[in-house]
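Data file: run-v4.txt. Format and content: compact mmCIF, C-alpha atoms and all ligand atoms.
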# COMPACT_ATOMS: atom_id res chain seq x y z
CA MET A 21 -19.64 -4.71 12.39
CA ASN A 22 -18.09 -6.66 9.57
CA SER A 23 -19.74 -9.89 10.55
CA LEU A 24 -20.90 -10.66 7.04
CA LYS A 25 -17.73 -9.72 5.26
CA SER A 26 -14.40 -11.37 5.82
CA LEU A 27 -11.50 -9.05 6.49
CA VAL A 28 -7.82 -9.78 6.03
CA LEU A 29 -4.92 -7.66 7.22
CA ILE A 30 -1.99 -7.67 4.82
CA ILE A 31 1.18 -6.99 6.76
CA PRO A 32 4.54 -6.72 4.97
CA VAL A 33 7.51 -7.40 7.21
CA PHE A 34 11.20 -7.09 6.70
CA ASN A 35 13.70 -7.86 9.46
CA GLU A 36 11.20 -7.24 12.22
CA GLY A 37 11.92 -10.43 14.16
CA ASP A 38 12.45 -8.75 17.51
CA ALA A 39 9.29 -6.70 17.58
CA LEU A 40 6.92 -8.71 15.44
CA ARG A 41 5.40 -10.91 18.11
CA THR A 42 4.70 -8.06 20.52
CA ASN A 43 3.38 -5.86 17.74
CA PHE A 44 1.13 -8.59 16.41
CA LEU A 45 -0.27 -9.32 19.86
CA GLU A 46 -0.96 -5.63 20.32
CA ILE A 47 -2.74 -5.36 16.95
CA LYS A 48 -4.76 -8.47 17.74
CA ARG A 49 -5.61 -7.27 21.24
CA ILE A 50 -6.98 -3.97 19.97
CA LEU A 51 -8.94 -5.50 17.12
CA ASN A 52 -10.42 -8.13 19.42
CA GLN A 53 -11.33 -5.43 21.87
CA ASP A 54 -13.13 -3.57 19.09
CA GLY A 55 -14.98 -6.72 18.15
CA ILE A 56 -13.35 -7.07 14.75
CA VAL A 57 -13.00 -10.56 13.35
CA CYS A 58 -10.23 -10.87 10.82
CA ARG A 59 -7.32 -12.88 9.57
CA TYR A 60 -3.72 -11.83 9.37
CA HIS A 61 -1.61 -12.45 6.32
CA PHE A 62 2.09 -11.70 6.66
CA VAL A 63 4.47 -11.23 3.79
CA ASP A 64 8.04 -11.77 4.90
CA ASP A 65 9.97 -9.71 2.41
CA GLY A 66 13.08 -11.89 2.49
CA SER A 67 14.12 -11.06 6.03
CA LYS A 68 17.61 -12.00 7.12
CA ASP A 69 16.69 -12.41 10.79
CA HIS A 70 14.25 -14.72 12.57
CA THR A 71 11.11 -12.96 11.27
CA TRP A 72 9.90 -16.06 9.45
CA GLN A 73 10.28 -18.25 12.53
CA VAL A 74 8.12 -15.75 14.41
CA ILE A 75 5.47 -15.89 11.68
CA GLU A 76 5.54 -19.69 11.69
CA ALA A 77 5.19 -19.77 15.45
CA LEU A 78 2.32 -17.28 15.33
CA SER A 79 0.49 -19.32 12.73
CA LYS A 80 0.83 -22.43 14.91
CA GLU A 81 -0.51 -20.53 17.86
CA PHE A 82 -3.32 -18.63 16.14
CA ASN A 83 -5.29 -20.18 13.35
CA GLU A 84 -6.16 -16.81 11.83
CA VAL A 85 -2.51 -16.22 10.90
CA SER A 86 -1.03 -17.14 7.54
CA GLY A 87 2.02 -15.95 5.68
CA ILE A 88 4.37 -16.23 2.77
CA LYS A 89 8.12 -15.75 2.68
CA PHE A 90 9.91 -14.28 -0.30
CA ALA A 91 13.12 -15.90 -1.47
CA ARG A 92 14.80 -12.52 -1.15
CA ASN A 93 13.98 -8.90 -0.45
CA PHE A 94 11.72 -7.62 -3.20
CA GLY A 95 10.62 -4.42 -1.47
CA LYS A 96 7.48 -3.34 0.30
CA GLU A 97 5.57 -2.51 -2.88
CA VAL A 98 5.99 -6.03 -4.19
CA ALA A 99 5.24 -7.46 -0.76
CA LEU A 100 1.91 -5.65 -0.66
CA ARG A 101 1.08 -6.93 -4.07
CA ALA A 102 1.98 -10.49 -3.19
CA GLY A 103 -0.11 -10.12 -0.06
CA ILE A 104 -3.28 -9.22 -1.91
CA GLU A 105 -2.64 -11.89 -4.51
CA THR A 106 -2.18 -14.79 -2.15
CA VAL A 107 -5.18 -14.52 0.08
CA ASP A 108 -8.92 -14.35 -0.51
CA ALA A 109 -11.29 -12.21 1.47
CA ASP A 110 -14.01 -9.59 0.98
CA LEU A 111 -12.08 -6.72 2.54
CA TYR A 112 -8.36 -6.09 2.57
CA LEU A 113 -6.49 -3.80 4.89
CA THR A 114 -2.83 -3.05 4.30
CA MET A 115 -0.92 -2.18 7.43
CA ASP A 116 2.69 -1.73 8.57
CA SER A 117 3.94 -4.18 11.15
CA ASP A 118 5.55 -1.55 13.35
CA LEU A 119 2.32 -0.13 14.85
CA GLN A 120 2.89 3.12 12.98
CA HIS A 121 -0.49 2.47 11.41
CA PRO A 122 -2.36 2.34 14.72
CA PRO A 123 -4.80 -0.57 14.87
CA ARG A 124 -7.26 1.48 16.90
CA TYR A 125 -8.29 3.20 13.66
CA VAL A 126 -9.37 0.01 11.95
CA LYS A 127 -12.78 0.21 13.57
CA ASP A 128 -13.29 3.74 12.21
CA MET A 129 -12.11 2.74 8.77
CA LEU A 130 -14.61 -0.12 8.64
CA ARG A 131 -17.33 2.18 9.86
CA ILE A 132 -16.52 4.83 7.26
CA MET A 133 -16.52 2.20 4.57
CA SER A 134 -19.96 0.92 5.44
CA GLU A 135 -21.40 4.38 6.07
CA THR A 136 -20.18 5.96 2.87
CA ASN A 137 -20.40 2.84 0.77
CA ALA A 138 -16.86 3.53 -0.39
CA ASP A 139 -14.63 1.02 -2.14
CA ILE A 140 -11.42 2.44 -0.68
CA VAL A 141 -10.80 4.04 2.68
CA ASP A 142 -7.53 5.81 2.19
CA GLY A 143 -5.38 6.53 5.23
CA ILE A 144 -3.85 10.01 5.13
CA LYS A 145 -1.22 11.03 7.63
CA ALA A 146 -2.53 13.91 9.72
CA SER A 147 0.86 14.23 11.31
CA ARG A 148 3.96 12.47 10.11
CA GLY A 149 5.09 11.11 13.47
CA ARG A 150 8.71 11.26 14.48
CA GLU A 151 10.85 11.45 11.39
CA THR A 152 14.22 12.93 10.64
CA LEU A 153 14.11 16.41 9.16
CA SER A 154 15.63 15.24 5.90
CA HIS A 155 13.04 12.47 5.64
CA LYS A 156 10.24 14.94 6.18
CA PHE A 157 11.69 17.41 3.73
CA PHE A 158 12.23 14.74 1.17
CA ALA A 159 8.74 13.31 1.49
CA LYS A 160 7.29 16.80 1.03
CA THR A 161 9.40 17.53 -2.02
CA PHE A 162 8.64 14.13 -3.46
CA TYR A 163 4.90 14.62 -3.26
CA LYS A 164 5.20 18.12 -4.70
CA VAL A 165 7.17 16.84 -7.68
CA LEU A 166 4.80 13.92 -8.03
CA LYS A 167 1.81 16.21 -8.03
CA TRP A 168 3.42 18.49 -10.54
CA ILE A 169 4.30 15.67 -12.89
CA THR A 170 1.39 13.30 -12.45
CA GLY A 171 -1.38 15.49 -11.11
CA LEU A 172 -1.82 12.99 -8.30
CA LYS A 173 -2.44 14.65 -5.00
CA MET A 174 -0.89 12.31 -2.53
CA ASP A 175 0.47 14.52 0.23
CA ASN A 176 0.91 12.52 3.35
CA SER A 177 -0.59 9.48 1.72
CA SER A 178 0.21 6.15 3.25
CA ASP A 179 -0.14 2.44 2.67
CA PHE A 180 -2.75 2.21 5.41
CA LYS A 181 -5.74 1.44 3.21
CA LEU A 182 -8.92 -0.52 3.42
CA MET A 183 -10.12 -1.88 0.09
CA ASN A 184 -12.97 -4.06 -1.01
CA ARG A 185 -12.81 -7.04 -3.28
CA GLN A 186 -13.64 -5.12 -6.41
CA VAL A 187 -10.62 -2.86 -5.96
CA ILE A 188 -8.37 -5.81 -5.15
CA ASP A 189 -9.52 -7.64 -8.27
CA SER A 190 -8.58 -4.66 -10.39
CA LEU A 191 -5.23 -4.30 -8.64
CA ARG A 192 -4.58 -7.97 -9.27
CA SER A 193 -5.13 -7.45 -12.97
CA PHE A 194 -2.08 -5.22 -13.25
CA ASN A 195 0.66 -7.08 -15.00
CA GLU A 196 3.51 -4.68 -14.66
CA ARG A 197 6.29 -5.38 -12.26
CA ASN A 198 7.09 -1.95 -10.92
CA VAL A 199 4.02 -0.74 -9.20
CA PHE A 200 3.84 2.12 -6.80
CA PHE A 201 1.08 0.87 -4.56
CA ARG A 202 -0.24 4.26 -3.49
CA GLY A 203 -0.20 5.55 -7.02
CA ILE A 204 -1.93 2.56 -8.46
CA VAL A 205 -4.66 2.58 -5.83
CA SER A 206 -5.54 6.15 -6.74
CA TRP A 207 -5.19 5.33 -10.41
CA VAL A 208 -7.86 2.61 -10.37
CA GLY A 209 -10.44 5.15 -9.26
CA PHE A 210 -13.55 3.74 -7.60
CA LYS A 211 -15.17 5.50 -4.72
CA SER A 212 -12.44 6.53 -2.36
CA VAL A 213 -12.82 8.38 0.91
CA THR A 214 -9.89 9.69 2.86
CA PHE A 215 -9.35 9.13 6.50
CA GLU A 216 -6.89 11.06 8.62
CA PHE A 217 -4.81 9.30 11.20
CA ASP A 218 -1.91 10.19 13.43
CA VAL A 219 1.19 8.21 12.68
CA ALA A 220 2.52 6.59 15.81
CA ASP A 221 6.22 6.57 16.56
CA ARG A 222 8.22 3.51 15.72
CA LEU A 223 9.02 1.90 19.05
CA GLU A 224 11.53 -0.69 17.99
CA GLY A 225 14.21 -0.50 15.30
CA THR A 226 14.39 2.17 12.65
CA SER A 227 12.77 2.80 9.30
CA HIS A 228 14.01 0.57 6.50
CA PHE A 229 13.85 3.40 4.06
CA SER A 230 17.16 5.20 3.89
CA PHE A 231 17.48 8.46 2.04
CA GLY A 232 18.99 6.72 -0.97
CA ARG A 233 16.24 4.14 -1.04
CA LEU A 234 13.60 6.86 -0.88
CA ILE A 235 15.15 8.66 -3.83
CA PHE A 236 15.14 5.42 -5.76
CA LEU A 237 11.54 4.75 -4.77
CA ALA A 238 10.58 8.27 -5.84
CA MET A 239 12.13 7.89 -9.27
CA SER A 240 10.66 4.47 -9.65
CA ALA A 241 7.23 5.76 -8.65
CA ILE A 242 7.30 8.55 -11.19
CA VAL A 243 8.63 6.40 -14.00
CA SER A 244 6.15 3.62 -13.33
CA TYR A 245 3.23 6.01 -13.08
CA THR A 246 3.71 8.40 -15.95
CA SER A 247 5.68 9.06 -19.10
CA LYS A 248 5.45 12.81 -18.69
CA PRO A 249 9.18 13.27 -17.98
CA LEU A 250 9.76 12.09 -21.56
CA TYR A 251 7.55 14.88 -22.85
CA LEU A 252 9.40 17.21 -20.57
CA THR A 253 12.69 16.38 -22.27
CA LEU A 254 11.05 16.96 -25.63
CA PHE A 255 9.77 20.28 -24.39
CA ALA A 256 13.18 21.25 -23.04
CA GLY A 257 14.72 20.24 -26.36
CA GLY A 258 12.21 22.43 -28.21
CA LEU A 259 12.97 25.36 -25.96
CA PHE A 260 16.67 24.94 -26.60
CA LEU A 261 16.05 24.81 -30.33
CA VAL A 262 14.18 28.10 -30.27
CA PHE A 263 16.95 29.60 -28.21
CA ALA A 264 19.58 28.22 -30.59
CA VAL A 265 17.81 29.68 -33.65
CA VAL A 266 17.57 33.11 -32.06
CA MET A 267 21.21 33.02 -30.98
CA GLY A 268 22.25 31.72 -34.42
CA ILE A 269 20.50 34.56 -36.21
CA GLN A 270 22.02 37.07 -33.88
CA THR A 271 25.50 35.61 -34.31
CA LEU A 272 25.24 35.59 -38.12
CA PHE A 273 23.97 39.12 -38.02
CA ASN A 274 26.92 40.22 -35.92
CA PHE A 275 29.31 38.32 -38.14
CA PHE A 276 28.13 39.93 -41.34
CA PHE A 277 28.24 43.36 -39.84
CA GLY A 278 31.73 42.71 -38.67
CA ASN A 279 31.22 43.16 -34.98
CA ALA A 280 31.45 39.59 -33.74
CA ILE A 281 32.61 39.71 -30.16
CA SER A 282 34.76 37.10 -28.56
CA GLY A 283 32.53 35.28 -26.12
CA PHE A 284 34.64 32.51 -24.75
CA SER A 285 32.87 32.25 -21.38
CA THR A 286 29.49 32.31 -23.09
CA VAL A 287 30.52 29.44 -25.31
CA ILE A 288 31.82 27.38 -22.41
CA LEU A 289 28.67 28.07 -20.42
CA LEU A 290 26.42 27.14 -23.30
CA ILE A 291 28.29 23.91 -23.88
CA LEU A 292 28.02 23.03 -20.22
CA ILE A 293 24.33 23.79 -20.06
CA THR A 294 23.41 21.97 -23.24
CA GLY A 295 25.71 19.12 -22.28
CA SER A 296 23.98 18.59 -18.97
CA MET A 297 20.56 18.97 -20.55
CA ILE A 298 21.44 16.25 -23.03
CA MET A 299 22.78 13.98 -20.31
CA LEU A 300 19.69 14.55 -18.18
CA SER A 301 17.39 13.77 -21.06
CA LEU A 302 19.36 10.66 -21.92
CA GLY A 303 19.15 9.64 -18.28
CA ILE A 304 15.39 10.02 -18.27
CA ILE A 305 15.08 8.04 -21.48
CA GLY A 306 17.45 5.47 -19.96
CA LEU A 307 15.17 5.06 -16.96
CA TYR A 308 12.27 4.23 -19.19
CA ILE A 309 14.33 1.88 -21.33
CA SER A 310 15.50 0.01 -18.26
CA ARG A 311 11.85 -0.30 -17.25
CA ILE A 312 10.93 -1.68 -20.65
CA TYR A 313 13.84 -4.08 -20.42
CA GLU A 314 12.75 -5.31 -17.01
CA GLU A 315 9.16 -5.74 -18.09
CA ILE A 316 10.04 -7.47 -21.31
CA LYS A 317 12.02 -10.17 -19.55
CA ARG A 318 8.73 -11.32 -18.09
CA ARG A 319 10.31 -12.65 -14.98
CA PRO A 320 8.02 -13.52 -12.10
CA HIS A 321 7.30 -10.53 -9.89
CA TYR A 322 8.33 -12.34 -6.76
CA LEU A 323 9.42 -15.77 -5.64
CA ILE A 324 7.78 -17.43 -2.72
CA GLU A 325 10.12 -19.66 -0.79
CA LYS A 326 7.83 -20.81 1.98
CA ARG A 327 4.29 -20.40 3.13
CA VAL A 328 2.17 -21.19 6.11
CA GLU A 329 -1.53 -21.59 5.62
CA ARG A 330 -4.30 -20.95 8.03
CA HIS A 331 -5.36 -24.14 9.74
N1 LIG B 401 9.06 -3.41 4.75
C1 LIG B 401 9.05 -4.44 3.82
N2 LIG B 401 10.07 -4.53 2.91
C2 LIG B 401 11.09 -3.62 2.88
C3 LIG B 401 11.07 -2.56 3.82
C4 LIG B 401 10.04 -2.48 4.73
O1 LIG B 401 8.15 -5.27 3.82
O2 LIG B 401 11.97 -3.78 2.05
C5 LIG B 401 7.96 -3.33 5.74
C6 LIG B 401 8.40 -3.12 7.18
O3 LIG B 401 8.69 -4.33 7.84
C7 LIG B 401 7.20 -2.43 7.78
C8 LIG B 401 6.67 -1.60 6.63
O4 LIG B 401 7.19 -2.19 5.43
O5 LIG B 401 6.20 -3.34 8.18
C9 LIG B 401 7.08 -0.15 6.73
O6 LIG B 401 8.46 -0.05 6.82
P1 LIG B 401 9.23 0.98 7.73
O7 LIG B 401 8.55 1.12 9.05
O8 LIG B 401 10.66 0.57 7.76
O9 LIG B 401 9.10 2.30 6.88
P2 LIG B 401 8.45 3.73 7.21
O10 LIG B 401 7.64 3.60 8.46
O11 LIG B 401 9.60 4.64 7.33
O12 LIG B 401 7.63 4.03 6.01
MG MG B 402 7.43 2.39 9.94
So, in terms of structure tokens, how does the structure I just supplied come out?
Amino acid sequence: MNSLKSLVLIIPVFNEGDALRTNFLEIKRILNQDGIVCRYHFVDDGSKDHTWQVIEALSKEFNEVSGIKFARNFGKEVALRAGIETVDADLYLTMDSDLQHPPRYVKDMLRIMSETNADIVDGIKASRGRETLSHKFFAKTFYKVLKWITGLKMDNSSDFKLMNRQVIDSLRSFNERNVFFRGIVSWVGFKSVTFEFDVADRLEGTSHFSFGRLIFLAMSAIVSYTSKPLYLTLFAGGLFLVFAVVMGIQTLFNFFFGNAISGFSTVILLILITGSMIMLSLGIIGLYISRIYEEIKRRPHYLIEKRVERH
């Protein structure tokens, strides 16, 4: 099917030592069964367990396996980026290591790509698999807010994506450090077709994304994608100004006509509201400044400690 084009699977892994070998063998078994020839490129995102030893062993055993190991945990987004930057192929498929992106769909994704001549086949979660209620709720809210702020419709979007070389080359040209992979893939445009898949349950271990980490990821995604929140603070400030002018005129009016009423609670309330609005706006500005600060330091995006090449 993809006999003329080389395909590489980019698989980010973090502390998956126990399940990695079995999961890899399962992925490989299914792809082989479907007649798909490909290589596997692992990015060990600074695991603390024996993940890297497993990758090394796999690469000794199978010559289609290669991998890099980060010096520390840089996060999945960075791992995906490092993955696409450190391997050359015609087609790239990003996939989770925990079989939640079922390998049986790869065949369909390749078929859709060649049939529609698309540059990106974008995996969309038809069902979200087994997730905690709070996780589900949060993901929903996150995508709603994201859509509202950025206009990006990414409900149930995932990192299960097949991309061709052209897309990868444009992704590689991004210099910024904080990239939200899903956002950036839709940002680059090209011809993208969506593909619905059912998320499988995670068999071993639990998700690495705690509630706190998801909130952080959400903020980071919004800040790295758009500067609209800054305009929002400006807008809120403008609204408050209008309100203040109206209230001011009314107060002066009352004062001059001698019927100023004592409004202690109103004053307290107003101070509290404006106070929190100011703090919120400062916080938003602060987020952007911290981003600028991080970017301006020009540190490397990730540090590779070890690598194993294909042999
Ligand atoms: N992962 C990673 N770095 C991290 C966290 C996760 O590379 O800091 C990998 C993880 O090993 C897995 C994939 O990203 O292959 C998805 O992670 P997970 O299953 O924990 O998240 P979820 O399924 O909840 O999105
Ligand atoms: Mg998972």
In file coordinates, which residues lie within 10 Å of (8.2, 10.9, -20.3) using all atoms listed in the file, given as a PDB file with C-alpha atoms, keeping the file's coordinate frame?
ATOM      1  CA  ILE A 169       4.300  15.670 -12.890  1.00  0.00           C
ATOM      2  CA  ILE A 242       7.300   8.550 -11.190  1.00  0.00           C
ATOM      3  CA  VAL A 243       8.630   6.400 -14.000  1.00  0.00           C
ATOM      4  CA  THR A 246       3.710   8.400 -15.950  1.00  0.00           C
ATOM      5  CA  SER A 247       5.680   9.060 -19.100  1.00  0.00           C
ATOM      6  CA  LYS A 248       5.450  12.810 -18.690  1.00  0.00           C
ATOM      7  CA  PRO A 249       9.180  13.270 -17.980  1.00  0.00           C
ATOM      8  CA  LEU A 250       9.760  12.090 -21.560  1.00  0.00           C
ATOM      9  CA  TYR A 251       7.550  14.880 -22.850  1.00  0.00           C
ATOM     10  CA  LEU A 252       9.400  17.210 -20.570  1.00  0.00           C
ATOM     11  CA  THR A 253      12.690  16.380 -22.270  1.00  0.00           C
ATOM     12  CA  LEU A 254      11.050  16.960 -25.630  1.00  0.00           C
ATOM     13  CA  SER A 301      17.390  13.770 -21.060  1.00  0.00           C
ATOM     14  CA  ILE A 304      15.390  10.020 -18.270  1.00  0.00           C
ATOM     15  CA  ILE A 305      15.080   8.040 -21.480  1.00  0.00           C
ATOM     16  CA  LEU A 307      15.170   5.060 -16.960  1.00  0.00           C
ATOM     17  CA  TYR A 308      12.270   4.230 -19.190  1.00  0.00           C
TER      18      TYR A 308
END
Practice task
Residues within 8 Å of ligand LIG 401 (chain B) should be enumerated using all atoms listed in the file and returned as a list in words.
Solution key: Ile31, Pro32, Val33, Phe34, Asn35, Glu36, Val63, Asp64, Asp65, Gly66, Asn93, Phe94, Gly95, Lys96, Glu97, Ala99, Leu100, Met115, Asp116, Ser117, Asp118, Gln120, Arg222, Thr226, Ser227, His228 and Phe229 of chain A
Practice task
Considering all atoms listed in the file, state which residue in the set A:Gly306, A:Gly55, A:Gly87, A:Gly37 is at the smallest distance from Val328 (chain A).
Solution key: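 Looking only at the distances to Val328 (chain A), the closest residue turns out to be A:Gly87.
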Problem - Residue among A:Phe44, A:Phe215, A:Trp168, A:Phe180 lying closest to ligand MG 402 (chain B), counting all atoms listed in the file - result: A:Phe180
Exercise for the section: Would you mind telling me which residue in A:Arg92, A:Lys160, A:Lys167, A:Arg124 lies nearest to Glu46 (chain A) when using only C-alpha atoms? Expected result: A:Arg124
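Using only C-alpha atoms, the nearest neighbour of Ala238 (chain A) within the list A:Ala256, A:Leu302, A:Leu166, A:Ile309 is A:Leu166.
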Problem - Computed interatomic separation between CA of Asn198 (chain A) and CA of Leu237 (chain A) (Å) - result: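 CA of Asn198 (chain A) sits 10.1 Å away from CA of Leu237 (chain A).
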Exercise for the section: Would you mind reading off the distance between CA of Lys68 (chain A) and CA of Glu329 (chain A), one decimal, in Å? Expected result: 21.5 Å
